[in-house]
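K.L.:
To start, I am sharing the structure in question, which I have written as structure tokens.
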Amino acid sequence: MKRLLWFLVLVCQLVFAPLLLCAENQIPPRPTSSIYIQDQAGVLSQSTRDTISAYSAALDRKTQAQIVVLTVPSLQDQPLEDYALTVLRQWGIGDKEKNNGVLLLVAVQDRKSRIEVGYGLEGALPDGLTGRIQDEDMLPYFRQEDYDKGILNAYSTLLQTVLKEYNLSPQDLQVENKLLPQEAPNTESISPLTAGLWIMGILVLFVLDHLFLKGVLLRFLIYLLGLLVSKNGGRGGGGSGGGGGSSKSW
């Protein structure tokens, strides 16, 4: 029986070890230079590559935050989220202590994209914002096969959002002869009057819930909030781990 068990262990090692090695090899090795832009799918112009490299290098020097753009032809059937998180960790994107790295990943043939964010920048780049950046800045151009413009637009918004977190502007990076296409989105577009009306409406709804439904609606909302918190808090990781992000397809 012991010999049979050892034989099965050996067979499992012979079968699964190559598969694990193959999976690891599907993640591009960490670049020895120009980590900020890796266009393995060959969809970016030289001008866009130079712009991303120049601004990301300047951002790194100024804040130790890193924004990296990676395009690949295909994920080779690997889950998008796992692929992006593995690249973020294995490449060591961002400062190890501050965990302030951002990865913009585009898999061209799979028609999938993801923005992976380290814990240190999760407040500046919450999941909703990274999803909106892809929806508004990238996907409309991707559907027209214009990956160059879509990626540069999204990168510009990511860069300027990260700079605001450090109370900086693109001009503070002192990058010459490289133009960014747009300003970061205004996240304070709701007027005080609109916000006040929303708050009053919610208060009225809770009063009616208390009077007629005995608080059923409130308890249900608290239950939903608990589910969301437990789901978002489930991601682990240290050092160069991921804090959040969003995935899209087109």
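Going by the structure tokens order, chains are called A, B, ..., each with residues numbered from 1, while ligands are numbered from 1 in the order shown.
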Would you mind writing down, as an mmCIF file with all heavy atoms, in the first residue's frame, each residue of stretch 84-234 of chain A that DSSP on the backbone assigns to strand (DSSP E)?

P.N.:
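Below you can see states.cif, which holds the result:
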```cif
data_model
loop_
_atom_site.group_PDB
_atom_site.id
_atom_site.type_symbol
_atom_site.label_atom_id
_atom_site.label_comp_id
_atom_site.auth_asym_id
_atom_site.auth_seq_id
_atom_site.Cartn_x
_atom_site.Cartn_y
_atom_site.Cartn_z
ATOM 1 N N GLY A 101 1.437 50.672 -6.497
ATOM 2 C CA GLY A 101 1.592 50.329 -7.903
ATOM 3 C C GLY A 101 0.254 50.201 -8.603
ATOM 4 O O GLY A 101 -0.761 49.868 -7.987
ATOM 5 N N VAL A 102 0.259 50.474 -9.908
ATOM 6 C CA VAL A 102 -0.932 50.343 -10.746
ATOM 7 C C VAL A 102 -0.532 49.628 -12.034
ATOM 8 O O VAL A 102 0.464 49.995 -12.660
ATOM 9 C CB VAL A 102 -1.550 51.714 -11.097
ATOM 10 C CG1 VAL A 102 -2.788 51.523 -11.974
ATOM 11 C CG2 VAL A 102 -1.907 52.489 -9.832
ATOM 12 N N LEU A 103 -1.305 48.623 -12.410
ATOM 13 C CA LEU A 103 -1.070 47.905 -13.660
ATOM 14 C C LEU A 103 -2.274 48.076 -14.573
ATOM 15 O O LEU A 103 -3.408 47.785 -14.186
ATOM 16 C CB LEU A 103 -0.842 46.412 -13.393
ATOM 17 C CG LEU A 103 -0.778 45.518 -14.647
ATOM 18 C CD1 LEU A 103 0.464 45.838 -15.477
ATOM 19 C CD2 LEU A 103 -0.815 44.044 -14.264
ATOM 20 N N LEU A 104 -2.013 48.551 -15.777
ATOM 21 C CA LEU A 104 -3.031 48.610 -16.830
ATOM 22 C C LEU A 104 -2.722 47.489 -17.811
ATOM 23 O O LEU A 104 -1.736 47.534 -18.540
ATOM 24 C CB LEU A 104 -3.011 49.969 -17.520
ATOM 25 C CG LEU A 104 -3.883 50.124 -18.773
ATOM 26 C CD1 LEU A 104 -5.329 49.783 -18.471
ATOM 27 C CD2 LEU A 104 -3.770 51.524 -19.351
ATOM 28 N N LEU A 105 -3.571 46.456 -17.809
ATOM 29 C CA LEU A 105 -3.344 45.255 -18.613
ATOM 30 C C LEU A 105 -4.392 45.166 -19.713
ATOM 31 O O LEU A 105 -5.587 45.312 -19.454
ATOM 32 C CB LEU A 105 -3.428 44.011 -17.720
ATOM 33 C CG LEU A 105 -3.441 42.654 -18.422
ATOM 34 C CD1 LEU A 105 -2.122 42.384 -19.137
ATOM 35 C CD2 LEU A 105 -3.748 41.534 -17.420
ATOM 36 N N VAL A 106 -3.935 44.917 -20.946
ATOM 37 C CA VAL A 106 -4.840 44.748 -22.085
ATOM 38 C C VAL A 106 -4.450 43.471 -22.823
ATOM 39 O O VAL A 106 -3.306 43.330 -23.265
ATOM 40 C CB VAL A 106 -4.775 45.954 -23.049
ATOM 41 C CG1 VAL A 106 -5.687 45.705 -24.256
ATOM 42 C CG2 VAL A 106 -5.171 47.236 -22.338
ATOM 43 N N ALA A 107 -5.408 42.533 -22.916
ATOM 44 C CA ALA A 107 -5.207 41.311 -23.689
ATOM 45 C C ALA A 107 -5.989 41.462 -24.992
ATOM 46 O O ALA A 107 -7.216 41.329 -25.013
ATOM 47 C CB ALA A 107 -5.688 40.091 -22.901
ATOM 48 N N LYS A 112 -10.045 41.709 -23.549
ATOM 49 C CA LYS A 112 -10.236 41.920 -22.116
ATOM 50 C C LYS A 112 -9.205 42.922 -21.600
ATOM 51 O O LYS A 112 -8.082 42.988 -22.118
ATOM 52 C CB LYS A 112 -10.096 40.604 -21.338
ATOM 53 C CG LYS A 112 -11.166 39.578 -21.643
ATOM 54 C CD LYS A 112 -10.937 38.315 -20.833
ATOM 55 C CE LYS A 112 -12.013 37.277 -21.113
ATOM 56 N NZ LYS A 112 -11.808 36.028 -20.336
ATOM 57 N N SER A 113 -9.597 43.668 -20.573
ATOM 58 C CA SER A 113 -8.666 44.610 -19.955
ATOM 59 C C SER A 113 -8.911 44.629 -18.456
ATOM 60 O O SER A 113 -9.998 44.286 -17.975
ATOM 61 C CB SER A 113 -8.840 46.021 -20.534
ATOM 62 O OG SER A 113 -10.132 46.539 -20.230
ATOM 63 N N ARG A 114 -7.889 45.047 -17.724
ATOM 64 C CA ARG A 114 -8.016 45.172 -16.269
ATOM 65 C C ARG A 114 -7.069 46.242 -15.762
ATOM 66 O O ARG A 114 -5.947 46.390 -16.269
ATOM 67 C CB ARG A 114 -7.730 43.850 -15.555
ATOM 68 C CG ARG A 114 -7.848 43.972 -14.024
ATOM 69 C CD ARG A 114 -7.858 42.630 -13.340
ATOM 70 N NE ARG A 114 -7.923 42.769 -11.893
ATOM 71 C CZ ARG A 114 -9.040 42.990 -11.198
ATOM 72 N NH1 ARG A 114 -10.192 43.094 -11.834
ATOM 73 N NH2 ARG A 114 -9.010 43.093 -9.891
ATOM 74 N N ILE A 115 -7.544 46.980 -14.772
ATOM 75 C CA ILE A 115 -6.685 47.897 -14.020
ATOM 76 C C ILE A 115 -6.542 47.319 -12.622
ATOM 77 O O ILE A 115 -7.519 47.201 -11.887
ATOM 78 C CB ILE A 115 -7.277 49.320 -13.966
ATOM 79 C CG1 ILE A 115 -7.354 49.919 -15.367
ATOM 80 C CG2 ILE A 115 -6.433 50.209 -13.059
ATOM 81 C CD1 ILE A 115 -8.008 51.289 -15.418
ATOM 82 N N GLU A 116 -5.331 46.912 -12.267
ATOM 83 C CA GLU A 116 -5.024 46.342 -10.951
ATOM 84 C C GLU A 116 -4.348 47.416 -10.105
ATOM 85 O O GLU A 116 -3.409 48.071 -10.564
ATOM 86 C CB GLU A 116 -4.108 45.126 -11.097
ATOM 87 C CG GLU A 116 -3.937 44.318 -9.839
ATOM 88 C CD GLU A 116 -5.149 43.461 -9.528
ATOM 89 O OE1 GLU A 116 -5.848 43.022 -10.462
ATOM 90 O OE2 GLU A 116 -5.397 43.226 -8.323
ATOM 91 N N VAL A 117 -4.829 47.584 -8.878
ATOM 92 C CA VAL A 117 -4.367 48.683 -8.029
ATOM 93 C C VAL A 117 -3.825 48.141 -6.715
ATOM 94 O O VAL A 117 -4.477 47.305 -6.067
ATOM 95 C CB VAL A 117 -5.516 49.679 -7.741
ATOM 96 C CG1 VAL A 117 -5.020 50.846 -6.885
ATOM 97 C CG2 VAL A 117 -6.110 50.201 -9.043
#
```

K.L.:
Near stretch 29-42 of chain A, within 10 Å and counting only C-alpha atoms, which residues show up once chain neighbours fewer than 4 positions away are dropped, as a ChimeraX atom specification?

P.N.:
/A:24-25,48-57,60,66-74,87-88,90-93,103-109,147-148

K.L.:
Could you name the residues that touch A:Asn153 at 9 Å or less, counting only C-alpha atoms, but leaving out those on the same chain fewer than 6 positions away, as a PyMOL selection string?

P.N.:
chain A and resi 133+137-138+180-182

K.L.:
I need the residue nearest A:Ala58 from this list: A:Gly244, A:Gln174, A:Ile202, A:Leu193. Use only C-alpha atoms for the distance.

P.N.:
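Counting only C-alpha atoms, the residue closest to A:Ala58 is A:Gln174.
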